[in-house]
>>> print(open('work_16.cif').read())   # mmCIF, C-alpha atoms and all ligand atoms
data_structure
loop_
_atom_site.label_atom_id
_atom_site.label_comp_id
_atom_site.auth_asym_id
_atom_site.auth_seq_id
_atom_site.Cartn_x
_atom_site.Cartn_y
_atom_site.Cartn_z
CA MET E 1 2.46 -5.38 23.41
CA GLN E 2 6.08 -6.21 22.84
CA VAL E 3 8.41 -4.38 20.45
CA PHE E 4 10.99 -6.52 18.64
CA ASN E 5 14.02 -5.03 16.88
CA GLN E 6 15.82 -8.26 16.02
CA VAL E 7 14.82 -10.82 13.39
CA GLN E 8 15.60 -13.78 15.65
CA ALA E 9 13.48 -12.40 18.48
CA ILE E 10 10.30 -11.90 16.40
CA ARG E 11 10.84 -15.29 14.76
CA ASP E 12 11.07 -16.98 18.17
CA GLN E 13 7.89 -15.25 19.35
CA VAL E 14 5.91 -16.23 16.25
CA SER E 15 7.26 -19.76 16.41
CA GLU E 16 6.06 -20.03 20.02
CA TRP E 17 2.57 -18.87 18.98
CA LYS E 18 2.50 -21.35 16.12
CA GLN E 19 3.49 -24.18 18.44
CA ALA E 20 0.46 -23.24 20.53
CA ARG E 21 -1.59 -23.58 17.30
CA LEU E 22 -2.43 -19.88 17.17
CA LYS E 23 -3.07 -18.17 13.81
CA VAL E 24 -0.68 -15.31 13.19
CA GLY E 25 -1.58 -12.26 11.08
CA PHE E 26 0.87 -9.65 9.81
CA VAL E 27 0.46 -6.01 8.75
CA PRO E 28 3.56 -4.47 7.14
CA THR E 29 3.70 -0.65 7.30
CA MET E 30 6.13 2.23 7.04
CA GLY E 31 4.70 3.74 10.25
CA ASN E 32 3.16 7.18 10.74
CA LEU E 33 0.02 5.22 11.38
CA HIS E 34 -3.44 6.57 10.53
CA ALA E 35 -6.94 5.07 10.55
CA GLY E 36 -6.19 3.27 7.25
CA HIS E 37 -3.35 1.29 8.81
CA LEU E 38 -5.42 0.63 11.93
CA SER E 39 -8.27 -0.80 9.83
CA LEU E 40 -5.78 -3.34 8.47
CA VAL E 41 -4.84 -4.36 12.00
CA ARG E 42 -8.53 -4.78 12.90
CA LEU E 43 -9.11 -6.88 9.79
CA ALA E 44 -6.16 -9.11 10.70
CA GLN E 45 -7.50 -9.47 14.24
CA LYS E 46 -10.82 -10.78 12.87
CA SER E 47 -9.29 -13.94 11.45
CA CYS E 48 -6.09 -14.31 13.49
CA ASP E 49 -5.29 -14.96 17.16
CA LYS E 50 -2.12 -12.85 17.17
CA VAL E 51 -1.22 -9.85 15.04
CA VAL E 52 2.26 -8.51 14.29
CA VAL E 53 2.67 -5.03 12.78
CA SER E 54 5.99 -4.08 11.22
CA ILE E 55 7.19 -0.50 11.02
CA PHE E 56 10.04 -0.03 8.59
CA VAL E 57 10.67 2.86 6.19
CA ASN E 58 12.25 0.82 3.43
CA PRO E 59 15.02 2.76 1.64
CA THR E 60 15.06 0.52 -1.44
CA GLN E 61 11.52 1.38 -2.55
CA PHE E 62 12.21 5.13 -2.70
CA GLY E 63 13.69 6.68 -5.85
CA PRO E 64 16.74 9.00 -5.63
CA ASN E 65 14.60 12.18 -5.69
CA GLU E 66 11.84 10.86 -3.45
CA ASP E 67 11.03 11.56 0.19
CA PHE E 68 12.96 8.80 2.04
CA ASP E 69 14.79 11.25 4.33
CA SER E 70 11.76 13.40 5.06
CA TYR E 71 9.22 10.54 5.34
CA PRO E 72 7.43 11.08 8.69
CA ARG E 73 8.81 8.84 11.44
CA THR E 74 6.56 8.87 14.51
CA PHE E 75 7.35 5.68 16.40
CA GLU E 76 6.15 6.81 19.85
CA ALA E 77 2.71 7.84 18.56
CA ASP E 78 2.48 4.70 16.39
CA GLN E 79 3.26 2.50 19.37
CA GLN E 80 0.51 4.20 21.38
CA LYS E 81 -2.08 3.61 18.64
CA LEU E 82 -1.13 -0.04 18.27
CA GLN E 83 -1.22 -0.52 22.03
CA GLU E 84 -4.78 0.87 22.11
CA LEU E 85 -5.80 -1.70 19.49
CA ALA E 86 -4.28 -4.51 21.58
CA THR E 87 -1.79 -5.39 18.85
CA ASP E 88 0.30 -8.33 20.01
CA ALA E 89 3.72 -7.42 18.65
CA VAL E 90 5.52 -4.71 16.73
CA PHE E 91 8.52 -5.54 14.57
CA TYR E 92 10.63 -2.37 14.34
CA PRO E 93 13.98 -3.26 12.79
CA SER E 94 16.82 -0.90 11.85
CA VAL E 95 18.03 -0.61 8.25
CA GLU E 96 21.13 -2.61 9.30
CA GLU E 97 18.97 -5.40 10.74
CA MET E 98 16.96 -5.60 7.50
CA TYR E 99 19.95 -5.20 5.13
CA PRO E 100 23.06 -6.46 6.99
CA ASN E 101 24.96 -6.83 3.69
CA GLY E 102 24.03 -3.38 2.39
CA LEU E 103 21.19 -2.27 0.16
CA LYS E 104 22.54 -3.86 -3.02
CA GLN E 105 21.55 -7.45 -2.49
CA THR E 106 19.43 -10.29 -3.85
CA LEU E 107 16.27 -8.88 -5.44
CA VAL E 108 12.80 -10.32 -5.68
CA GLN E 109 11.45 -9.08 -8.99
CA VAL E 110 7.94 -9.57 -10.34
CA PRO E 111 7.99 -9.29 -14.17
CA ALA E 112 7.49 -5.93 -15.85
CA ASP E 113 4.06 -6.77 -17.28
CA LEU E 114 2.74 -5.97 -13.76
CA THR E 115 5.49 -3.73 -12.40
CA GLY E 116 6.62 -1.69 -15.41
CA LEU E 117 3.36 0.21 -15.92
CA LEU E 118 1.28 2.71 -13.91
CA GLU E 119 3.29 3.34 -10.67
CA GLY E 120 6.24 1.46 -12.18
CA SER E 121 6.46 3.75 -15.19
CA SER E 122 7.34 6.81 -13.09
CA ARG E 123 9.05 4.88 -10.26
CA PRO E 124 11.22 2.33 -12.10
CA GLU E 125 12.72 0.45 -9.13
CA HIS E 126 9.88 0.94 -6.69
CA PHE E 127 8.25 -2.48 -6.95
CA ASP E 128 11.57 -4.36 -6.79
CA GLY E 129 12.11 -2.59 -3.46
CA VAL E 130 8.61 -3.47 -2.27
CA THR E 131 8.65 -7.14 -3.28
CA THR E 132 12.15 -7.66 -1.90
CA VAL E 133 11.38 -6.11 1.48
CA VAL E 134 7.98 -7.81 1.80
CA CYS E 135 9.50 -11.19 0.90
CA LYS E 136 12.20 -10.62 3.54
CA LEU E 137 9.62 -9.55 6.12
CA PHE E 138 7.58 -12.67 5.32
CA ASN E 139 10.66 -14.86 5.86
CA MET E 140 11.47 -13.05 9.09
CA VAL E 141 7.99 -13.05 10.63
CA GLN E 142 6.54 -16.18 8.97
CA PRO E 143 2.84 -15.35 9.53
CA HIS E 144 -0.15 -17.35 8.28
CA LYS E 145 -1.82 -14.29 6.74
CA ALA E 146 -0.81 -10.77 5.74
CA VAL E 147 -3.09 -7.76 5.17
CA PHE E 148 -2.43 -5.02 2.60
CA GLY E 149 -4.58 -2.02 1.61
CA GLN E 150 -6.43 -1.79 -1.69
CA LYS E 151 -5.39 1.85 -1.63
CA ASP E 152 -2.12 0.66 -3.19
CA PHE E 153 -3.99 -1.47 -5.69
CA GLN E 154 -1.08 -2.29 -7.98
CA GLN E 155 1.08 -3.20 -4.97
CA LEU E 156 -1.57 -5.68 -3.85
CA VAL E 157 -1.74 -7.30 -7.31
CA VAL E 158 2.07 -7.48 -7.51
CA LEU E 159 2.38 -9.03 -4.03
CA LYS E 160 -0.31 -11.62 -4.78
CA LYS E 161 1.65 -12.55 -7.90
CA MET E 162 4.90 -12.84 -5.91
CA VAL E 163 3.31 -15.08 -3.29
CA ALA E 164 1.70 -17.30 -5.94
CA GLU E 165 4.80 -17.65 -8.10
CA LEU E 166 7.28 -18.16 -5.25
CA ALA E 167 4.85 -20.57 -3.51
CA ILE E 168 5.02 -18.55 -0.29
CA PRO E 169 2.59 -20.18 2.17
CA ILE E 170 0.98 -16.93 3.33
CA GLU E 171 -2.58 -15.84 2.57
CA ILE E 172 -2.79 -12.27 1.26
CA ILE E 173 -5.86 -10.31 2.35
CA GLY E 174 -6.86 -7.02 0.66
CA ALA E 175 -8.46 -4.35 2.87
CA PRO E 176 -10.83 -1.57 1.69
CA ILE E 177 -9.65 2.05 1.44
CA GLU E 178 -10.19 4.22 4.54
CA ARG E 179 -11.10 7.79 3.69
CA ASP E 180 -11.42 11.15 5.39
CA SER E 181 -14.95 12.55 5.78
CA ASP E 182 -14.54 14.47 2.49
CA GLY E 183 -13.56 11.32 0.60
CA LEU E 184 -9.79 11.80 0.42
CA ALA E 185 -8.04 8.45 0.84
CA LEU E 186 -5.96 8.54 4.03
CA SER E 187 -2.23 8.61 3.41
CA SER E 188 0.84 9.53 5.42
CA ARG E 189 1.77 11.87 2.57
CA ASN E 190 -1.44 13.96 2.91
CA GLN E 191 0.31 15.95 5.64
CA TYR E 192 2.66 17.38 2.99
CA LEU E 193 -0.36 19.28 1.53
CA ASN E 194 -0.86 22.97 2.33
CA PRO E 195 -4.46 24.08 3.12
CA GLU E 196 -5.21 25.02 -0.50
CA GLN E 197 -3.86 21.74 -1.85
CA ARG E 198 -5.76 19.84 0.87
CA SER E 199 -9.01 21.45 -0.35
CA ILE E 200 -8.34 20.31 -3.93
CA ALA E 201 -7.21 16.76 -3.03
CA PRO E 202 -10.72 15.20 -2.48
CA LYS E 203 -11.65 16.10 -6.05
CA LEU E 204 -9.65 13.10 -7.23
CA TYR E 205 -12.08 10.72 -5.54
CA GLU E 206 -15.03 12.82 -6.79
CA SER E 207 -13.78 12.40 -10.35
CA LEU E 208 -13.33 8.66 -9.88
CA GLN E 209 -16.86 8.37 -8.52
CA GLU E 210 -18.22 10.27 -11.50
CA MET E 211 -16.32 7.96 -13.87
CA ALA E 212 -17.67 4.96 -11.98
CA GLN E 213 -21.24 6.24 -12.49
CA GLN E 214 -20.66 6.54 -16.21
CA LEU E 215 -19.05 3.09 -16.38
CA ILE E 216 -22.16 1.56 -14.88
CA ASN E 217 -24.10 2.84 -17.91
CA ARG E 218 -21.94 1.03 -20.41
CA PRO E 219 -21.08 0.97 -23.25
CA VAL E 220 -18.78 3.96 -22.86
CA ASN E 221 -15.54 4.85 -24.54
CA PHE E 222 -12.88 4.24 -21.84
CA ALA E 223 -10.23 6.47 -23.42
CA GLU E 224 -12.66 9.34 -23.75
CA LEU E 225 -13.66 8.94 -20.11
CA GLU E 226 -9.99 8.95 -19.02
CA ASN E 227 -9.26 12.07 -21.06
CA LYS E 228 -12.27 13.93 -19.70
CA ALA E 229 -11.33 13.06 -16.10
CA THR E 230 -7.73 14.19 -16.69
CA ALA E 231 -8.92 17.52 -18.08
CA ARG E 232 -11.31 17.96 -15.17
CA LEU E 233 -8.57 17.29 -12.59
CA LEU E 234 -6.25 19.84 -14.17
CA HIS E 235 -9.12 22.32 -14.26
CA GLU E 236 -9.86 21.67 -10.55
CA GLY E 237 -6.30 22.68 -9.67
CA PHE E 238 -4.14 19.54 -9.75
CA ASP E 239 -0.68 20.40 -11.07
CA LYS E 240 -0.19 17.19 -13.04
CA VAL E 241 -2.10 13.99 -13.72
CA ASP E 242 0.27 11.01 -13.84
CA TYR E 243 -2.52 8.70 -15.03
CA VAL E 244 -6.21 7.97 -14.94
CA LYS E 245 -6.76 4.48 -16.35
CA VAL E 246 -9.67 2.12 -16.65
CA CYS E 247 -8.04 -1.29 -16.17
CA ASN E 248 -8.64 -4.98 -15.79
CA PRO E 249 -8.01 -5.57 -12.05
CA ALA E 250 -6.06 -8.80 -12.58
CA THR E 251 -3.78 -7.85 -15.47
CA LEU E 252 -3.74 -4.04 -14.91
CA ARG E 253 -3.97 -3.74 -18.71
CA PRO E 254 -6.54 -1.41 -20.27
CA ALA E 255 -10.01 -2.81 -19.63
CA SER E 256 -12.06 -4.27 -22.44
CA GLU E 257 -15.82 -4.09 -22.88
CA ASP E 258 -16.18 -7.77 -21.80
CA ASP E 259 -14.43 -7.33 -18.43
CA LYS E 260 -16.86 -8.08 -15.62
CA THR E 261 -14.82 -6.24 -13.02
CA ILE E 262 -12.97 -3.04 -13.65
CA VAL E 263 -10.65 -0.88 -11.60
CA ILE E 264 -10.12 2.83 -12.22
CA LEU E 265 -6.60 3.75 -11.09
CA ALA E 266 -5.47 7.35 -10.76
CA VAL E 267 -2.56 9.45 -9.53
CA ALA E 268 -2.59 13.24 -9.63
CA ARG E 269 -0.05 15.66 -8.19
CA LEU E 270 -0.43 18.69 -5.96
CA GLY E 271 3.01 20.28 -5.97
CA SER E 272 5.35 17.33 -5.55
CA THR E 273 2.82 15.28 -3.55
CA ARG E 274 1.29 12.38 -5.45
CA ILE E 275 -2.30 11.58 -4.51
CA LEU E 276 -3.17 7.94 -5.28
CA ASP E 277 -6.68 6.59 -5.46
CA ASN E 278 -8.77 3.93 -7.13
CA ILE E 279 -12.26 2.47 -7.37
CA LEU E 280 -12.99 -1.20 -7.97
CA LEU E 281 -16.26 -1.89 -9.81
P1 LIG M 301 2.38 2.37 4.08
O1 LIG M 301 2.73 2.57 5.51
O2 LIG M 301 1.95 3.62 3.37
O3 LIG M 301 3.40 1.55 3.34
O4 LIG M 301 1.07 1.47 4.09
C1 LIG M 301 1.02 0.25 4.79
C2 LIG M 301 -0.23 -0.48 4.40
O5 LIG M 301 -1.36 0.31 4.72
C3 LIG M 301 -0.31 -0.79 2.91
O6 LIG M 301 -0.84 -2.10 2.74
C4 LIG M 301 -1.25 0.25 2.40
O7 LIG M 301 -1.95 -0.13 1.25
C5 LIG M 301 -2.19 0.39 3.57
N1 LIG M 301 -2.91 1.67 3.55
C6 LIG M 301 -2.37 2.91 3.43
N2 LIG M 301 -3.34 3.85 3.40
C7 LIG M 301 -4.52 3.18 3.48
C8 LIG M 301 -5.89 3.59 3.48
N3 LIG M 301 -6.25 4.86 3.38
N4 LIG M 301 -6.84 2.63 3.59
C9 LIG M 301 -6.49 1.32 3.69
N5 LIG M 301 -5.22 0.87 3.69
C10 LIG M 301 -4.24 1.79 3.58
#
>>> encode(input="work_16.cif", output="structure tokens")
Amino acid sequence: MQVFNQVQAIRDQVSEWKQARLKVGFVPTMGNLHAGHLSLVRLAQKSCDKVVVSIFVNPTQFGPNEDFDSYPRTFEADQQKLQELATDAVFYPSVEEMYPNGLKQTLVQVPADLTGLLEGSSRPEHFDGVTTVVCKLFNMVQPHKAVFGQKDFQQLVVLKKMVAELAIPIEIIGAPIERDSDGLALSSRNQYLNPEQRSIAPKLYESLQEMAQQLINRPVNFAELENKATARLLHEGFDKVDYVKVCNPATLRPASEDDKTIVILAVARLGSTRILDNILL
């Protein structure tokens, strides 16, 4: 497994693979890899001959009071895990390599009807940072396919929109959420939780599962269900509930009774740690 730090070097490698008619898959990450990230690599390996994983903690998707500086950076351990999976290449650029003209630069911006709500309402510039860096990574690596986790459901919808509207010739694949044995969705930020918070955290998924059960027996009042789940989460010990919303999975707008598929999206806080989760029905 080779590690590439320079844009030109990873481009040359991928170009060589493409000339040999090999299918190239790509998994963008911010590192601190856990079983969730590794499941994305395995999924990419199923339909691609070569898989590139990028590790880049992208400064432009963090807000001013967020955890950019303290975000866990564990390159040695990440490299080991990727090696064990027989990953073909790691793209590990510096901030200067990614943003040679500084962080204020051309933006890729998906309209606010998808990016201004849910995660976007409490993190106003987050998705501009994500779409810009992913678009750059796509132009740098130029894979055939890219895999993203359904754990960040809104991110997946936003990136699919970007690829469709900018006619980027890359297939986007969504991967299921990997969970701990108690149901908590794996996340690099779970390690910020103290033991008491860690024991409360799985109750978010429990609440979503309970909502899902009730949604199967429709008709139900969505708003009432959301309010009950919010109250339950606060009662269970979460410090704040950013949102619990029953949405249409394509538009991310509130679901209507006629929607055939529904996604329940939720974020609740334990201290300053935001626990994200969702269930697609
Ligand atoms: P991150 O390093 O947190 O930016 O995540 C990189 C990719 O891994 C994103 O596509 C995430 O959606 C995905 N991911 C993170 N956690 C999980 C998980 N528990 N299950 C599946 N995919 C995940």
>>> residues_around(input="work_16.cif", residues="range 159-175 of chain E", least_positions_apart="4", cutoff="10 Å", atoms="all atoms listed in the file", output="MDAnalysis selection string")
chainID E and resid 25:27 36:37 39:41 43:44 108:111 114 127 130:132 134:135 138:139 142:155 250
>>> axis_aligned_box(input="work_16.cif", around="ligand LIG 301 (chain M)", padding_each_side="4 Å", output="lines of an AutoDock Vina configuration file")
center_x = -1.7
center_y = 1.4
center_z = 3.4
size_x = 18.2
size_y = 15.0
size_z = 12.3
>>> closest_residue(input="work_16.cif", among="E:Ser188, E:Ser47, E:Ser54, E:Gln6", to="Glu96 in chain E", atoms="all atoms listed in the file")
E:Gln6
>>> closest_residue(input="work_16.cif", among="E:Ile55, E:Val141, E:Glu76, E:Ile279", to="Glu16 in chain E", atoms="only C-alpha atoms")
E:Val141
>>> closest_residue(input="work_16.cif", among="E:Pro195, E:Gly183, E:Gly237, E:Pro176", to="ligand LIG 301 (chain M)", atoms="only C-alpha atoms and all ligand atoms")
E:Pro176
>>> atom_distance(input="work_16.cif", atom1="CA of Gly31 in chain E", atom2="CA of Val263 in chain E")
27.1 Å
>>> closest_residue(input="work_16.cif", among="E:Ala77, E:Leu107, E:Ile200, E:Ala266", to="Glu226 in chain E", atoms="all atoms listed in the file")
E:Ala266
>>> residues_around(input="work_16.cif", residues="Ser256 in chain E", least_positions_apart="5", cutoff="9 Å", atoms="all atoms listed in the file", output="ChimeraX atom specification")
/E:222,246-248,262
>>> residues_around(input="work_16.cif", residues="Gln13 in chain E", least_positions_apart="6", cutoff="12 Å", atoms="all atoms listed in the file", output="list in words")
Met1, Gln2, Val3, Phe4, Gln6, Val7, Gln19, Ala20, Leu22, Val24, Lys50, Val51, Val52, Asp88, Ala89, Val90, Phe91, Met140, Val141, Gln142 and Pro143 of chain E
>>> atom_distance(input="work_16.cif", atom1="CA of Ala185 in chain E", atom2="CA of Gly271 in chain E")
17.6 Å
>>> decode(input="work_16.cif", residues="range 86-148 of chain E", atoms="C-alpha atoms", output="PDB file, in the first residue's frame")
ATOM      1  CA  ALA E  86      -5.166  -4.552   1.458  1.00  0.00           C
ATOM      2  CA  THR E  87      -6.137  -1.007   0.513  1.00  0.00           C
ATOM      3  CA  ASP E  88      -4.248  -0.022  -2.627  1.00  0.00           C
ATOM      4  CA  ALA E  89      -3.418   3.613  -1.913  1.00  0.00           C
ATOM      5  CA  VAL E  90      -3.813   6.277   0.744  1.00  0.00           C
ATOM      6  CA  PHE E  91      -4.011   9.933  -0.210  1.00  0.00           C
ATOM      7  CA  TYR E  92      -2.796  11.927   2.800  1.00  0.00           C
ATOM      8  CA  PRO E  93      -2.312  15.545   1.728  1.00  0.00           C
ATOM      9  CA  SER E  94      -1.341  18.511   3.909  1.00  0.00           C
ATOM     10  CA  VAL E  95      -3.641  21.527   4.271  1.00  0.00           C
ATOM     11  CA  GLU E  96      -1.211  23.442   2.002  1.00  0.00           C
ATOM     12  CA  GLU E  97      -1.432  20.748  -0.681  1.00  0.00           C
ATOM     13  CA  MET E  98      -5.243  20.874  -0.588  1.00  0.00           C
ATOM     14  CA  TYR E  99      -5.525  24.683  -0.308  1.00  0.00           C
ATOM     15  CA  PRO E 100      -2.375  26.186  -1.881  1.00  0.00           C
ATOM     16  CA  ASN E 101      -4.094  29.582  -2.243  1.00  0.00           C
ATOM     17  CA  GLY E 102      -5.416  29.664   1.326  1.00  0.00           C
ATOM     18  CA  LEU E 103      -8.751  28.581   2.737  1.00  0.00           C
ATOM     19  CA  LYS E 104     -10.769  31.412   1.192  1.00  0.00           C
ATOM     20  CA  GLN E 105     -11.158  30.160  -2.327  1.00  0.00           C
ATOM     21  CA  THR E 106     -13.680  29.044  -4.944  1.00  0.00           C
ATOM     22  CA  LEU E 107     -16.624  27.355  -3.234  1.00  0.00           C
ATOM     23  CA  VAL E 108     -18.853  24.551  -4.393  1.00  0.00           C
ATOM     24  CA  GLN E 109     -22.248  25.308  -2.917  1.00  0.00           C
ATOM     25  CA  VAL E 110     -25.341  23.125  -3.073  1.00  0.00           C
ATOM     26  CA  PRO E 111     -28.480  25.304  -2.632  1.00  0.00           C
ATOM     27  CA  ALA E 112     -29.881  25.945   0.831  1.00  0.00           C
ATOM     28  CA  ASP E 113     -33.029  23.860   0.314  1.00  0.00           C
ATOM     29  CA  LEU E 114     -30.771  20.836   1.051  1.00  0.00           C
ATOM     30  CA  THR E 115     -27.947  22.447   3.013  1.00  0.00           C
ATOM     31  CA  GLY E 116     -29.669  25.137   5.095  1.00  0.00           C
ATOM     32  CA  LEU E 117     -31.736  22.786   7.253  1.00  0.00           C
ATOM     33  CA  LEU E 118     -31.014  20.030   9.811  1.00  0.00           C
ATOM     34  CA  GLU E 119     -27.174  19.928  10.143  1.00  0.00           C
ATOM     35  CA  GLY E 120     -26.948  23.147   8.121  1.00  0.00           C
ATOM     36  CA  SER E 121     -29.139  25.087  10.518  1.00  0.00           C
ATOM     37  CA  SER E 122     -26.676  24.772  13.407  1.00  0.00           C
ATOM     38  CA  ARG E 123     -23.538  24.546  11.230  1.00  0.00           C
ATOM     39  CA  PRO E 124     -24.064  27.273   8.608  1.00  0.00           C
ATOM     40  CA  GLU E 125     -20.917  26.805   6.495  1.00  0.00           C
ATOM     41  CA  HIS E 126     -20.419  23.106   7.087  1.00  0.00           C
ATOM     42  CA  PHE E 127     -21.801  21.766   3.808  1.00  0.00           C
ATOM     43  CA  ASP E 128     -19.987  24.366   1.687  1.00  0.00           C
ATOM     44  CA  GLY E 129     -16.781  23.037   3.255  1.00  0.00           C
ATOM     45  CA  VAL E 130     -17.789  19.434   2.592  1.00  0.00           C
ATOM     46  CA  THR E 131     -18.900  19.889  -1.021  1.00  0.00           C
ATOM     47  CA  THR E 132     -15.861  22.008  -1.860  1.00  0.00           C
ATOM     48  CA  VAL E 133     -13.356  19.550  -0.411  1.00  0.00           C
ATOM     49  CA  VAL E 134     -15.097  16.484  -1.867  1.00  0.00           C
ATOM     50  CA  CYS E 135     -15.277  18.126  -5.304  1.00  0.00           C
ATOM     51  CA  LYS E 136     -11.550  18.925  -5.063  1.00  0.00           C
ATOM     52  CA  LEU E 137     -10.740  15.387  -3.918  1.00  0.00           C
ATOM     53  CA  PHE E 138     -12.781  14.021  -6.838  1.00  0.00           C
ATOM     54  CA  ASN E 139     -10.800  16.193  -9.271  1.00  0.00           C
ATOM     55  CA  MET E 140      -7.531  15.147  -7.669  1.00  0.00           C
ATOM     56  CA  VAL E 141      -8.173  11.401  -7.480  1.00  0.00           C
ATOM     57  CA  GLN E 142     -10.598  10.995 -10.414  1.00  0.00           C
ATOM     58  CA  PRO E 143     -12.098   7.644  -9.341  1.00  0.00           C
ATOM     59  CA  HIS E 144     -14.945   5.780 -11.049  1.00  0.00           C
ATOM     60  CA  LYS E 145     -16.909   5.358  -7.812  1.00  0.00           C
ATOM     61  CA  ALA E 146     -16.910   6.883  -4.335  1.00  0.00           C
ATOM     62  CA  VAL E 147     -18.400   5.424  -1.141  1.00  0.00           C
ATOM     63  CA  PHE E 148     -19.958   7.495   1.656  1.00  0.00           C
TER      64      PHE E 148
END
